[in-house]
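Asker: If you scroll down you'll find the structure; I have some questions about it.
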Amino acid sequence: MATVNKLKQAFDLFDKANEQDPNKETYQGKTYAKEVLYAMRMTKKLNSFAPNASETLKLTARCQHICRWEIPRDSYEMNRTGYLKWRQDLKKYHAKKASEILTAVGYDQNIIEKVAFLLEKKQLKKNEETQTLEDVICLVFLEYYFEPFAKKYSEEKLIDILQKTWRKMSKEGQDAALKLPLSKSSLELVGKALS
């Protein structure tokens, strides 16, 4: 029972930190701090995609973007090098923030280190939990964020992004992606990206 309480406590603290996000998003008539809504979607998707996920993976999914707005993309050069540096720094920042919260909740060092390892996306394609996390991230992106994202870019760019997303996923993740409730236009883009 203690571990369930710890998990809930960690989720509550992750969400409390993310409630400080000044960016808002309205979903089904309710307004959320953007990163709280993202965290809820990650948990929901993990529960359906990998119902037997470990506690470590559940914790990681919930804090995947913790306090992301504190390191804005435009604080780095707006080119590929700047983007990659921003992503690397974010991973380390998320791991640090999550570790502080997990320490406060009373998790042991072993779990804290595993969460940091997963947040830093180490051993993608080699580590099963890192891969499951990446699959969930891609599925959440495709289901909830691809449509608004697609309005800003050319078809060529979107096909490239879909192909990169597809390469990051496992066969199970790809199969789940093909069952998502995507719009006709998004499904057409996915079809072009995969052909």
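Identifiers in this document derive from the order of the structure tokens: chains are assigned A, B, ..., residues are numbered from 1 separately in each chain, and ligands are numbered from 1 in order of occurrence.
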According to DSSP computed on the backbone, where in stretch 22-74 of chain A is there strand (DSSP E)? Give the residues as a list in words.

Answerer: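 The residues of stretch 22-74 of chain A classed as strand (DSSP E) are Lys24, Glu25, Thr26, Tyr27, Lys30, Thr31, Tyr32 and Ala33 of chain A.
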
Asker: Store the residues picked out above, limited to N, CA and C atoms, as a PDB file, in the first residue's frame.

Answerer:
```
ATOM      1  N   LYS A  24      -1.628  27.830 -21.221  1.00  0.00           N
ATOM      2  CA  LYS A  24      -2.882  27.125 -20.931  1.00  0.00           C
ATOM      3  C   LYS A  24      -3.405  26.421 -22.177  1.00  0.00           C
ATOM      4  N   GLU A  25      -4.164  25.373 -21.940  1.00  0.00           N
ATOM      5  CA  GLU A  25      -4.792  24.651 -23.048  1.00  0.00           C
ATOM      6  C   GLU A  25      -6.190  24.231 -22.607  1.00  0.00           C
ATOM      7  N   THR A  26      -7.160  24.461 -23.465  1.00  0.00           N
ATOM      8  CA  THR A  26      -8.532  24.058 -23.148  1.00  0.00           C
ATOM      9  C   THR A  26      -8.824  22.745 -23.854  1.00  0.00           C
ATOM     10  N   TYR A  27      -9.317  21.795 -23.075  1.00  0.00           N
ATOM     11  CA  TYR A  27      -9.628  20.469 -23.608  1.00  0.00           C
ATOM     12  C   TYR A  27     -10.964  20.019 -23.029  1.00  0.00           C
ATOM     13  N   LYS A  30     -12.579  22.338 -20.475  1.00  0.00           N
ATOM     14  CA  LYS A  30     -11.883  22.673 -19.234  1.00  0.00           C
ATOM     15  C   LYS A  30     -10.488  23.207 -19.559  1.00  0.00           C
ATOM     16  N   THR A  31     -10.053  24.236 -18.823  1.00  0.00           N
ATOM     17  CA  THR A  31      -8.734  24.818 -19.077  1.00  0.00           C
ATOM     18  C   THR A  31      -7.710  24.248 -18.099  1.00  0.00           C
ATOM     19  N   TYR A  32      -6.589  23.838 -18.655  1.00  0.00           N
ATOM     20  CA  TYR A  32      -5.501  23.231 -17.870  1.00  0.00           C
ATOM     21  C   TYR A  32      -4.208  24.015 -18.103  1.00  0.00           C
ATOM     22  N   ALA A  33      -3.296  23.929 -17.135  1.00  0.00           N
ATOM     23  CA  ALA A  33      -1.916  24.320 -17.415  1.00  0.00           C
ATOM     24  C   ALA A  33      -1.428  23.295 -18.450  1.00  0.00           C
TER      25      ALA A  33
END
```

Asker: For stretch 16-23 of chain A, list every protein, DNA or RNA residue within 7 Å, evaluated using only C-alpha atoms, and leave out those in the same chain fewer than 6 positions away; present the list as a count of residues only.

Answerer: 7

Asker: Give me the residues near A:Cys138 as a count of residues only, where near means some atom within 8 Å (using only C-alpha atoms) and where sequence neighbours in that chain fewer than 3 positions away do not count.

Answerer: 6

Asker: From the options A:His94, A:Lys164, A:Lys85, A:Lys157, which residue's atoms come nearest to A:Arg68, counting only C-alpha atoms?

Answerer: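 Counting only C-alpha atoms, the residue closest to A:Arg68 is A:His94.
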
Asker: Could you please determine the separation between atom CA of A:Trp86 and atom CA of A:Ile112 in Å, to one decimal place?

Answerer: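 Distance between the two atoms: 22.8 Å.
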
Asker: Nearest residue to A:Ala150 out of A:Ala53, A:Leu187, A:Ile71, A:Leu118, using only C-alpha atoms?

Answerer: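 Nearest candidate to A:Ala150 out of A:Ala53, A:Leu187, A:Ile71, A:Leu118: A:Leu187.
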
Asker: Taking the DSSP secondary structure from the backbone, can you list the residues of stretch 71-173 of chain A that are helix (DSSP H, G or I), as number ranges by chain?

Answerer: A: 73-75, 80-105, 109-119, 128-150, 155-168, 171-173

Asker: Figure out the distance between atom CA of A:Leu46 and atom CA of A:Ala61, please, to one decimal in Å.

Answerer: 7.3 Å
